[in-house]
Amino acid sequence: MAASAAPEHVERIVIENCSIATVDADDTEYASGHVVVAGNRIESVGAGRAPEGAANVVRRIDGTGHLVTPGLINTHHHFYQWITRGLATDHNLFDWLVALYPTWARIDEPMVRAAAQGSLAMMARGGVTTAMDHHYVYPQGSGDLSGAIIGAARDMGVRFTLARGSMDRSVKDGGLPPDFAVETLEGALAGTEATIDAHHDASFDAMTQVAAAPCSPFSISTELLRQGAELARRKGVRMHTHGSETVEEEKFCHELFGMGPTDYFESTGWLGEDVWMAHCVHMNDSDIAAFARTGTGVAHCPSSNARLAAGIARVPDMLAAGVPVGLGVDGTASNESGELHTELRNALLINRLGAHREKALNARQALRLGTYGGAQVLGRADQIGSLEPGKLADLVLWKLDTLAHASIADPVTALVFGAAAPVTLSLVNGRPVVEDNHLITADEDAIARATRDEARRLATIAAGA
């Protein structure tokens, strides 16, 4: 690919002698090629050695035995759940929520910050360069939870979207959360607007963005959906929620609203190119057509869907219809591994259990879901998600010459079908976040201790409530 001009004084990083999967529109790949990073942008990508004479090269990396890909992009998560992992392991979604909401409603700022650090660290060291968090539990008096999450992402050095969630439909209103776990309609809208005003950055190379994200049909009022959509569009931010996750949700929507989830969302202004929804497991042909017609995106979370016995999302049919689809870890109380490589592999394997069988997805489609598909869903496909000159320098150098992968000839197959590959280098905005399979922006041992301590503190508080 042609070079994108950058001033000579800009510092450059050169990676050579590596396999490259660009995940561009043509799925261009190089068996042995180079990537040149200038500042926070990709300057050139191509076959063979890097062009001679590049100025101000501060680092030159021999990528022999490696594959370079765009950084992985996570499109759905609940960071706070890191400190409630391993609980309610044999429940479906509704029973799981009822079991855990009373504990979640006792979270506070130190807990949320520690949980965010744990969630971010696990993803970042596994190749995630852009993360998102859908945080929707804001107990009164719990502190600045949005600020704690955004601060953790900033310190980790990853690109980040906070989907500022909310709930205003509690048990007394026919919802699932306990009464003390929800906000008022006015409080939810005001909190969302304040978070957007304080933290959203609309610039090309933004490290922090904010989306408006009422939680789910069974925890929010119709008015919160409607006014949340109006607020998001007035502020120019994206919109996110859960949709069509289980058969129980389908029944809930028909009983309460007289229609299925997709029709309900459309009636409240929640379909469009600025919207993406998590899960979308139980979608009929009409639902998929509505998403394709409106450009509504999907965050596919295969491990969580399996953990909660929700079902198999119709990802091949969504892709064939033109629906933007990315991958999501989901909260680590329903996906205890907490990293995205698992989702590359499980998206491929689980979808092959569905109607399309072995033709459902291949390795390159799975990689696209975890990179460019995620960028589409987050509204940043012109900035990240593929390795092209002029795009932001978010990339991963995967080591594929160890015992775990050395006998697999095709590097993309090795990455997706094989065990989690070590990350030799991860760059976000042109800056290293992972080196030789270790975070360099955070102390993993300190984070492990903090999350363990906060998990115990939360369990003690919940037990005494």
# chains A, B, ... in the order shown; residues from 1 in each chain; ligands from 1
>>> residues_around(residues="Asp401 (chain A)", least_positions_apart="5", cutoff="9 Å", atoms="only C-alpha atoms", output="ChimeraX atom specification")
/A:64-66,406-407
>>> residues_around(residues="Leu349 (chain A)", least_positions_apart="3", cutoff="9 Å", atoms="only C-alpha atoms", output="list in words")
Leu344, Arg345, Asn346, Arg352, Leu353, Glu358, Ala360, Leu361 and Phe417 of chain A
>>> write_last_selection(atoms="N, CA, C and O atoms", output="PDB file, in the first residue's frame")
ATOM      1  N   LEU A 344     -12.781 -14.625  18.989  1.00  0.00           N
ATOM      2  CA  LEU A 344     -12.442 -14.957  17.606  1.00  0.00           C
ATOM      3  C   LEU A 344     -12.703 -16.439  17.352  1.00  0.00           C
ATOM      4  O   LEU A 344     -13.362 -16.825  16.375  1.00  0.00           O
ATOM      5  N   ARG A 345     -12.169 -17.249  18.237  1.00  0.00           N
ATOM      6  CA  ARG A 345     -12.258 -18.709  18.067  1.00  0.00           C
ATOM      7  C   ARG A 345     -13.684 -19.208  18.261  1.00  0.00           C
ATOM      8  O   ARG A 345     -14.198 -20.006  17.480  1.00  0.00           O
ATOM      9  N   ASN A 346     -14.332 -18.728  19.319  1.00  0.00           N
ATOM     10  CA  ASN A 346     -15.672 -19.228  19.608  1.00  0.00           C
ATOM     11  C   ASN A 346     -16.711 -18.715  18.623  1.00  0.00           C
ATOM     12  O   ASN A 346     -17.700 -19.405  18.349  1.00  0.00           O
ATOM     13  N   ARG A 352     -20.526 -22.600  13.648  1.00  0.00           N
ATOM     14  CA  ARG A 352     -20.538 -23.827  12.849  1.00  0.00           C
ATOM     15  C   ARG A 352     -21.458 -24.901  13.432  1.00  0.00           C
ATOM     16  O   ARG A 352     -21.729 -25.901  12.771  1.00  0.00           O
ATOM     17  N   LEU A 353     -21.962 -24.678  14.636  1.00  0.00           N
ATOM     18  CA  LEU A 353     -22.977 -25.569  15.194  1.00  0.00           C
ATOM     19  C   LEU A 353     -24.374 -25.197  14.712  1.00  0.00           C
ATOM     20  O   LEU A 353     -25.330 -25.936  14.949  1.00  0.00           O
ATOM     21  N   GLU A 358     -20.229 -25.999   8.521  1.00  0.00           N
ATOM     22  CA  GLU A 358     -18.829 -25.632   8.274  1.00  0.00           C
ATOM     23  C   GLU A 358     -18.671 -24.394   7.401  1.00  0.00           C
ATOM     24  O   GLU A 358     -17.602 -23.802   7.335  1.00  0.00           O
ATOM     25  N   ALA A 360     -20.296 -21.591   7.923  1.00  0.00           N
ATOM     26  CA  ALA A 360     -20.799 -20.438   8.674  1.00  0.00           C
ATOM     27  C   ALA A 360     -19.798 -19.289   8.666  1.00  0.00           C
ATOM     28  O   ALA A 360     -20.108 -18.178   8.233  1.00  0.00           O
ATOM     29  N   LEU A 361     -18.598 -19.542   9.168  1.00  0.00           N
ATOM     30  CA  LEU A 361     -17.538 -18.542   9.217  1.00  0.00           C
ATOM     31  C   LEU A 361     -16.210 -19.218   8.966  1.00  0.00           C
ATOM     32  O   LEU A 361     -16.030 -20.390   9.323  1.00  0.00           O
ATOM     33  N   PHE A 417      -7.676 -20.332  14.934  1.00  0.00           N
ATOM     34  CA  PHE A 417      -7.984 -21.696  15.347  1.00  0.00           C
ATOM     35  C   PHE A 417      -7.118 -22.154  16.521  1.00  0.00           C
ATOM     36  O   PHE A 417      -7.515 -23.034  17.276  1.00  0.00           O
TER      37      PHE A 417
END
>>> closest_residue(among="A:Thr195, A:Ser334, A:Asn429, A:Gln227", to="Asp394 (chain A)", atoms="only C-alpha atoms")
A:Asn429
>>> residues_around(residues="Ile20 (chain A)", least_positions_apart="4", cutoff="7 Å", atoms="only C-alpha atoms", output="list in words")
Glu29, Tyr30, Ala31, Gly33, Leu67, Val68 and Thr69 of chain A
>>> residues_around(residues="Ile384 (chain A)", least_positions_apart="3", cutoff="8 Å", atoms="only C-alpha atoms", output="ChimeraX atom specification")
/A:70,372,375,380-381,387,391-394
>>> select_by_dssp(residues="region 156-245 of chain A", states="strand (DSSP E or B)", output="PDB file with N, CA and C atoms, in the first residue's frame")
ATOM      1  N   ARG A 159      -7.378   2.732  23.634  1.00  0.00           N
ATOM      2  CA  ARG A 159      -8.466   3.545  23.102  1.00  0.00           C
ATOM      3  C   ARG A 159      -9.764   3.032  23.730  1.00  0.00           C
ATOM      4  N   PHE A 160     -10.728   3.944  24.001  1.00  0.00           N
ATOM      5  CA  PHE A 160     -11.831   3.517  24.859  1.00  0.00           C
ATOM      6  C   PHE A 160     -13.134   4.247  24.534  1.00  0.00           C
ATOM      7  N   THR A 161     -14.228   3.482  24.582  1.00  0.00           N
ATOM      8  CA  THR A 161     -15.574   4.040  24.531  1.00  0.00           C
ATOM      9  C   THR A 161     -16.316   3.649  25.799  1.00  0.00           C
ATOM     10  N   LEU A 162     -16.790   4.629  26.550  1.00  0.00           N
ATOM     11  CA  LEU A 162     -17.674   4.356  27.681  1.00  0.00           C
ATOM     12  C   LEU A 162     -19.114   4.492  27.196  1.00  0.00           C
ATOM     13  N   ALA A 163     -19.850   3.395  27.240  1.00  0.00           N
ATOM     14  CA  ALA A 163     -21.281   3.447  26.979  1.00  0.00           C
ATOM     15  C   ALA A 163     -21.948   3.711  28.329  1.00  0.00           C
ATOM     16  N   ARG A 164     -22.327   4.980  28.566  1.00  0.00           N
ATOM     17  CA  ARG A 164     -22.885   5.379  29.851  1.00  0.00           C
ATOM     18  C   ARG A 164     -24.301   4.822  29.950  1.00  0.00           C
ATOM     19  N   GLY A 165     -24.426   3.734  30.694  1.00  0.00           N
ATOM     20  CA  GLY A 165     -25.693   3.041  30.804  1.00  0.00           C
ATOM     21  C   GLY A 165     -26.597   3.620  31.871  1.00  0.00           C
ATOM     22  N   SER A 166     -27.785   3.047  31.987  1.00  0.00           N
ATOM     23  CA  SER A 166     -28.753   3.506  32.972  1.00  0.00           C
ATOM     24  C   SER A 166     -29.881   2.495  33.086  1.00  0.00           C
ATOM     25  N   THR A 208     -10.828   8.718  24.045  1.00  0.00           N
ATOM     26  CA  THR A 208     -12.009   8.487  24.868  1.00  0.00           C
ATOM     27  C   THR A 208     -13.247   9.016  24.167  1.00  0.00           C
ATOM     28  N   GLN A 209     -14.232   8.148  24.007  1.00  0.00           N
ATOM     29  CA  GLN A 209     -15.523   8.567  23.499  1.00  0.00           C
ATOM     30  C   GLN A 209     -16.616   8.040  24.425  1.00  0.00           C
ATOM     31  N   VAL A 210     -17.796   8.628  24.323  1.00  0.00           N
ATOM     32  CA  VAL A 210     -18.922   8.261  25.184  1.00  0.00           C
ATOM     33  C   VAL A 210     -20.138   7.979  24.306  1.00  0.00           C
ATOM     34  N   ALA A 211     -20.883   6.939  24.649  1.00  0.00           N
ATOM     35  CA  ALA A 211     -22.149   6.619  23.994  1.00  0.00           C
ATOM     36  C   ALA A 211     -23.258   6.637  25.040  1.00  0.00           C
ATOM     37  N   ALA A 212     -24.483   6.909  24.599  1.00  0.00           N
ATOM     38  CA  ALA A 212     -25.656   6.827  25.473  1.00  0.00           C
ATOM     39  C   ALA A 212     -26.181   5.404  25.429  1.00  0.00           C
ATOM     40  N   ALA A 213     -26.417   4.796  26.626  1.00  0.00           N
ATOM     41  CA  ALA A 213     -26.625   3.342  26.629  1.00  0.00           C
ATOM     42  C   ALA A 213     -27.592   2.844  27.696  1.00  0.00           C
ATOM     43  N   PRO A 214     -28.886   3.221  27.645  1.00  0.00           N
ATOM     44  CA  PRO A 214     -29.861   2.583  28.530  1.00  0.00           C
ATOM     45  C   PRO A 214     -29.740   1.066  28.446  1.00  0.00           C
ATOM     46  N   MET A 239     -25.240   5.215  20.187  1.00  0.00           N
ATOM     47  CA  MET A 239     -26.217   4.642  21.097  1.00  0.00           C
ATOM     48  C   MET A 239     -26.019   3.140  21.193  1.00  0.00           C
ATOM     49  N   HIS A 240     -26.162   2.611  22.418  1.00  0.00           N
ATOM     50  CA  HIS A 240     -25.906   1.191  22.647  1.00  0.00           C
ATOM     51  C   HIS A 240     -26.884   0.634  23.674  1.00  0.00           C
ATOM     52  N   THR A 241     -27.316  -0.604  23.473  1.00  0.00           N
ATOM     53  CA  THR A 241     -28.151  -1.292  24.451  1.00  0.00           C
ATOM     54  C   THR A 241     -28.080  -2.792  24.188  1.00  0.00           C
ATOM     55  N   HIS A 242     -28.732  -3.571  25.063  1.00  0.00           N
ATOM     56  CA  HIS A 242     -28.881  -5.011  24.852  1.00  0.00           C
ATOM     57  C   HIS A 242     -30.150  -5.259  24.037  1.00  0.00           C
ATOM     58  N   GLY A 243     -30.102  -6.246  23.153  1.00  0.00           N
ATOM     59  CA  GLY A 243     -31.286  -6.563  22.368  1.00  0.00           C
ATOM     60  C   GLY A 243     -31.381  -8.019  21.984  1.00  0.00           C
TER      61      GLY A 243
END
>>> residues_around(residues="Asp179 (chain A)", least_positions_apart="4", cutoff="8 Å", atoms="only C-alpha atoms", output="PDB file with C-alpha atoms, in the first residue's frame")
ATOM      1  CA  SER A 170     -37.021  -1.784  38.943  1.00  0.00           C
ATOM      2  CA  VAL A 171     -38.930  -4.733  40.385  1.00  0.00           C
ATOM      3  CA  LYS A 172     -41.802  -2.500  41.521  1.00  0.00           C
TER       4      LYS A 172
END
>>> residues_around(residues="region 297-312 of chain A", least_positions_apart="4", cutoff="8 Å", atoms="only C-alpha atoms", output="PyMOL selection string")
chain A and resi 75-76+89-93+245-247+273+275-282+291+323-331+334-335+342-343+346-347+350-351+354+374+376-377
>>> closest_residue(among="A:Leu97, A:Ile408, A:Val396, A:Ala121", to="Phe218 (chain A)", atoms="only C-alpha atoms")
A:Leu97
>>> residues_around(residues="region 122-126 of chain A", least_positions_apart="2", cutoff="7 Å", atoms="only C-alpha atoms", output="PyMOL selection string")
chain A and resi 118-120+128-129+338-341+423+434+437-439
>>> closest_residue(among="A:Gly48, A:Gly39, A:Gly127, A:Pro261", to="Gly370 (chain A)", atoms="only C-alpha atoms")
A:Gly127
>>> atom_distance(atom1="CA of Val315 (chain A)", atom2="CA of Asn284 (chain A)")
11.8 Å
>>> select_by_dssp(residues="region 264-461 of chain A", states="helix (DSSP H, G or I)", output="tab-separated table (two decimals) with N, CA and C atoms, in the first residue's frame")
chain	number	residue	atom	x	y	z
A	264	TYR	N	-40.04	-3.00	18.89
A	264	TYR	CA	-40.09	-2.08	20.02
A	264	TYR	C	-38.97	-1.05	19.93
A	265	PHE	N	-37.77	-1.51	19.64
A	265	PHE	CA	-36.65	-0.57	19.50
A	265	PHE	C	-36.90	0.42	18.37
A	266	GLU	N	-37.42	-0.06	17.26
A	266	GLU	CA	-37.67	0.86	16.14
A	266	GLU	C	-38.73	1.89	16.52
A	267	SER	N	-39.73	1.48	17.30
A	267	SER	CA	-40.79	2.41	17.69
A	267	SER	C	-40.30	3.50	18.62
A	285	ASP	N	-35.98	-13.30	10.31
A	285	ASP	CA	-35.57	-12.68	9.05
A	285	ASP	C	-35.96	-11.21	8.99
A	286	SER	N	-37.14	-10.89	9.51
A	286	SER	CA	-37.60	-9.50	9.50
A	286	SER	C	-36.71	-8.61	10.38
A	287	ASP	N	-36.29	-9.14	11.52
A	287	ASP	CA	-35.40	-8.38	12.39
A	287	ASP	C	-34.07	-8.08	11.70
A	288	ILE	N	-33.49	-9.10	11.10
A	288	ILE	CA	-32.21	-8.93	10.42
A	288	ILE	C	-32.34	-7.93	9.28
A	289	ALA	N	-33.45	-8.01	8.55
A	289	ALA	CA	-33.68	-7.06	7.45
A	289	ALA	C	-33.79	-5.63	7.97
A	290	ALA	N	-34.42	-5.45	9.13
A	290	ALA	CA	-34.55	-4.12	9.72
A	290	ALA	C	-33.19	-3.56	10.12
A	291	PHE	N	-32.35	-4.41	10.71
A	291	PHE	CA	-31.00	-3.97	11.07
A	291	PHE	C	-30.20	-3.61	9.82
A	292	ALA	N	-30.32	-4.43	8.77
A	292	ALA	CA	-29.58	-4.14	7.54
A	292	ALA	C	-30.09	-2.86	6.88
A	293	ARG	N	-31.39	-2.67	6.85
A	293	ARG	CA	-31.98	-1.48	6.23
A	293	ARG	C	-31.56	-0.20	6.92
A	294	THR	N	-31.42	-0.27	8.25
A	294	THR	CA	-31.11	0.94	9.02
A	294	THR	C	-29.64	1.08	9.37
A	302	PRO	N	-20.15	-14.58	21.67
A	302	PRO	CA	-20.43	-16.02	21.65
A	302	PRO	C	-20.18	-16.74	22.96
A	303	SER	N	-19.12	-16.39	23.70
A	303	SER	CA	-18.84	-17.11	24.94
A	303	SER	C	-19.90	-16.84	25.99
A	304	SER	N	-20.29	-15.59	26.13
A	304	SER	CA	-21.34	-15.25	27.09
A	304	SER	C	-22.67	-15.87	26.70
A	305	ASN	N	-22.99	-15.85	25.41
A	305	ASN	CA	-24.24	-16.47	24.96
A	305	ASN	C	-24.27	-17.95	25.30
A	306	ALA	N	-23.13	-18.62	25.19
A	306	ALA	CA	-23.06	-20.04	25.54
A	306	ALA	C	-23.12	-20.23	27.06
A	307	ARG	N	-22.38	-19.39	27.81
A	307	ARG	CA	-22.34	-19.47	29.28
A	307	ARG	C	-23.75	-19.37	29.88
A	315	VAL	N	-25.12	-14.99	12.98
A	315	VAL	CA	-24.10	-14.08	12.45
A	315	VAL	C	-23.91	-14.24	10.94
A	316	PRO	N	-23.82	-15.45	10.40
A	316	PRO	CA	-23.66	-15.55	8.94
A	316	PRO	C	-24.79	-14.87	8.17
A	317	ASP	N	-26.01	-14.99	8.66
A	317	ASP	CA	-27.15	-14.35	7.99
A	317	ASP	C	-27.08	-12.83	8.13
A	318	MET	N	-26.64	-12.36	9.29
A	318	MET	CA	-26.48	-10.91	9.48
A	318	MET	C	-25.44	-10.36	8.50
A	319	LEU	N	-24.30	-11.03	8.41
A	319	LEU	CA	-23.24	-10.57	7.51
A	319	LEU	C	-23.71	-10.59	6.05
A	320	ALA	N	-24.42	-11.65	5.67
A	320	ALA	CA	-24.91	-11.75	4.30
A	320	ALA	C	-25.89	-10.63	3.97
A	321	ALA	N	-26.64	-10.19	4.99
A	321	ALA	CA	-27.60	-9.11	4.79
A	321	ALA	C	-26.96	-7.72	4.82
A	341	HIS	N	-9.47	-12.90	22.30
A	341	HIS	CA	-9.06	-13.98	21.39
A	341	HIS	C	-10.03	-15.14	21.46
A	342	THR	N	-10.53	-15.42	22.67
A	342	THR	CA	-11.52	-16.49	22.84
A	342	THR	C	-12.72	-16.25	21.93
A	343	GLU	N	-13.09	-14.98	21.76
A	343	GLU	CA	-14.27	-14.68	20.95
A	343	GLU	C	-14.01	-14.89	19.46
A	344	LEU	N	-12.78	-14.63	18.99
A	344	LEU	CA	-12.44	-14.96	17.61
A	344	LEU	C	-12.70	-16.44	17.35
A	345	ARG	N	-12.17	-17.25	18.24
A	345	ARG	CA	-12.26	-18.71	18.07
A	345	ARG	C	-13.68	-19.21	18.26
A	346	ASN	N	-14.33	-18.73	19.32
A	346	ASN	CA	-15.67	-19.23	19.61
A	346	ASN	C	-16.71	-18.71	18.62
A	347	ALA	N	-16.52	-17.52	18.09
A	347	ALA	CA	-17.44	-17.05	17.05
A	347	ALA	C	-17.43	-18.02	15.88
A	348	LEU	N	-16.23	-18.44	15.49
A	348	LEU	CA	-16.11	-19.38	14.38
A	348	LEU	C	-16.69	-20.75	14.74
A	349	LEU	N	-16.30	-21.30	15.90
A	349	LEU	CA	-16.70	-22.65	16.24
A	349	LEU	C	-18.19	-22.75	16.56
A	350	ILE	N	-18.71	-21.82	17.36
A	350	ILE	CA	-20.11	-21.91	17.76
A	350	ILE	C	-21.04	-21.70	16.58
A	351	ASN	N	-20.68	-20.77	15.69
A	351	ASN	CA	-21.55	-20.57	14.53
A	351	ASN	C	-21.56	-21.78	13.61
A	357	ARG	N	-23.43	-24.69	9.36
A	357	ARG	CA	-22.40	-25.69	9.64
A	357	ARG	C	-21.02	-25.18	9.25
A	358	GLU	N	-20.23	-26.00	8.52
A	358	GLU	CA	-18.83	-25.63	8.27
A	358	GLU	C	-18.67	-24.39	7.40
A	359	LYS	N	-19.73	-23.96	6.74
A	359	LYS	CA	-19.66	-22.77	5.88
A	359	LYS	C	-20.07	-21.50	6.62
A	363	ALA	N	-11.68	-18.43	9.12
A	363	ALA	CA	-10.73	-17.74	10.00
A	363	ALA	C	-10.65	-16.25	9.69
A	364	ARG	N	-10.67	-15.90	8.42
A	364	ARG	CA	-10.53	-14.49	8.06
A	364	ARG	C	-11.79	-13.69	8.37
A	365	GLN	N	-12.93	-14.33	8.25
A	365	GLN	CA	-14.15	-13.65	8.67
A	365	GLN	C	-14.16	-13.41	10.18
A	366	ALA	N	-13.68	-14.37	10.93
A	366	ALA	CA	-13.61	-14.20	12.39
A	366	ALA	C	-12.67	-13.07	12.76
A	367	LEU	N	-11.50	-13.01	12.11
A	367	LEU	CA	-10.57	-11.91	12.37
A	367	LEU	C	-11.19	-10.57	12.00
A	368	ARG	N	-11.94	-10.52	10.90
A	368	ARG	CA	-12.60	-9.27	10.50
A	368	ARG	C	-13.62	-8.83	11.55
A	369	LEU	N	-14.37	-9.78	12.12
A	369	LEU	CA	-15.32	-9.44	13.18
A	369	LEU	C	-14.61	-8.74	14.33
A	370	GLY	N	-13.43	-9.27	14.69
A	370	GLY	CA	-12.71	-8.75	15.85
A	370	GLY	C	-11.90	-7.50	15.58
A	371	THR	N	-11.87	-7.04	14.34
A	371	THR	CA	-11.07	-5.86	13.99
A	371	THR	C	-11.93	-4.83	13.24
A	372	TYR	N	-12.02	-4.96	11.94
A	372	TYR	CA	-12.77	-3.98	11.16
A	372	TYR	C	-14.25	-3.96	11.53
A	373	GLY	N	-14.84	-5.13	11.79
A	373	GLY	CA	-16.24	-5.17	12.19
A	373	GLY	C	-16.48	-4.38	13.46
A	374	GLY	N	-15.56	-4.52	14.42
A	374	GLY	CA	-15.67	-3.74	15.64
A	374	GLY	C	-15.57	-2.26	15.40
A	375	ALA	N	-14.67	-1.85	14.49
A	375	ALA	CA	-14.53	-0.44	14.16
A	375	ALA	C	-15.81	0.10	13.53
A	376	GLN	N	-16.44	-0.69	12.67
A	376	GLN	CA	-17.72	-0.27	12.09
A	376	GLN	C	-18.77	-0.05	13.18
A	377	VAL	N	-18.88	-0.99	14.08
A	377	VAL	CA	-19.89	-0.95	15.13
A	377	VAL	C	-19.70	0.27	16.04
A	411	PRO	N	-0.78	-18.27	8.83
A	411	PRO	CA	-0.73	-17.52	10.08
A	411	PRO	C	-2.09	-17.08	10.60
A	412	VAL	N	-3.02	-16.72	9.73
A	412	VAL	CA	-4.35	-16.31	10.21
A	412	VAL	C	-5.08	-17.51	10.79
A	413	THR	N	-4.96	-18.67	10.16
A	413	THR	CA	-5.53	-19.89	10.73
A	413	THR	C	-4.92	-20.18	12.08
A	414	ALA	N	-3.60	-20.01	12.19
A	414	ALA	CA	-2.92	-20.25	13.46
A	414	ALA	C	-3.47	-19.34	14.55
A	415	LEU	N	-3.66	-18.07	14.22
A	415	LEU	CA	-4.14	-17.11	15.21
A	415	LEU	C	-5.55	-17.42	15.67
A	416	VAL	N	-6.45	-17.74	14.74
A	416	VAL	CA	-7.87	-17.90	15.07
A	416	VAL	C	-8.18	-19.30	15.59
A	417	PHE	N	-7.68	-20.33	14.93
A	417	PHE	CA	-7.98	-21.70	15.35
A	417	PHE	C	-7.12	-22.15	16.52
A	444	GLU	N	0.56	-5.87	36.56
A	444	GLU	CA	-0.46	-6.92	36.57
A	444	GLU	C	-0.64	-7.53	37.96
A	445	ASP	N	0.44	-7.73	38.70
A	445	ASP	CA	0.33	-8.32	40.03
A	445	ASP	C	-0.41	-7.40	40.99
A	446	ALA	N	-0.14	-6.10	40.89
A	446	ALA	CA	-0.84	-5.14	41.75
A	446	ALA	C	-2.33	-5.11	41.42
A	447	ILE	N	-2.65	-5.19	40.15
A	447	ILE	CA	-4.06	-5.21	39.75
A	447	ILE	C	-4.73	-6.47	40.27
A	448	ALA	N	-4.05	-7.61	40.16
A	448	ALA	CA	-4.64	-8.86	40.67
A	448	ALA	C	-4.94	-8.75	42.17
A	449	ARG	N	-4.01	-8.18	42.92
A	449	ARG	CA	-4.24	-8.04	44.37
A	449	ARG	C	-5.42	-7.10	44.64
A	450	ALA	N	-5.46	-5.99	43.92
A	450	ALA	CA	-6.53	-5.02	44.15
A	450	ALA	C	-7.90	-5.59	43.81
A	451	THR	N	-7.99	-6.31	42.71
A	451	THR	CA	-9.29	-6.87	42.33
A	451	THR	C	-9.72	-7.97	43.31
A	452	ARG	N	-8.77	-8.76	43.78
A	452	ARG	CA	-9.11	-9.78	44.79
A	452	ARG	C	-9.63	-9.13	46.06
A	453	ASP	N	-8.96	-8.08	46.51
A	453	ASP	CA	-9.37	-7.41	47.75
A	453	ASP	C	-10.75	-6.76	47.59
A	454	GLU	N	-10.98	-6.13	46.45
A	454	GLU	CA	-12.28	-5.47	46.25
A	454	GLU	C	-13.40	-6.49	46.07
A	455	ALA	N	-13.10	-7.63	45.46
A	455	ALA	CA	-14.10	-8.69	45.34
A	455	ALA	C	-14.51	-9.20	46.72
A	456	ARG	N	-13.53	-9.36	47.60
A	456	ARG	CA	-13.85	-9.81	48.96
A	456	ARG	C	-14.64	-8.76	49.72
A	457	ARG	N	-14.29	-7.49	49.53
A	457	ARG	CA	-15.00	-6.43	50.23
A	457	ARG	C	-16.45	-6.36	49.75
A	458	LEU	N	-16.67	-6.48	48.44
A	458	LEU	CA	-18.02	-6.47	47.92
A	458	LEU	C	-18.82	-7.65	48.45
A	459	ALA	N	-18.23	-8.83	48.46
A	459	ALA	CA	-18.93	-10.03	48.95
A	459	ALA	C	-19.32	-9.86	50.42
A	460	THR	N	-18.44	-9.25	51.21
A	460	THR	CA	-18.74	-9.03	52.63
A	460	THR	C	-19.90	-8.06	52.80
A	461	ILE	N	-19.87	-6.96	52.04
A	461	ILE	CA	-20.95	-5.97	52.13
A	461	ILE	C	-22.28	-6.58	51.69
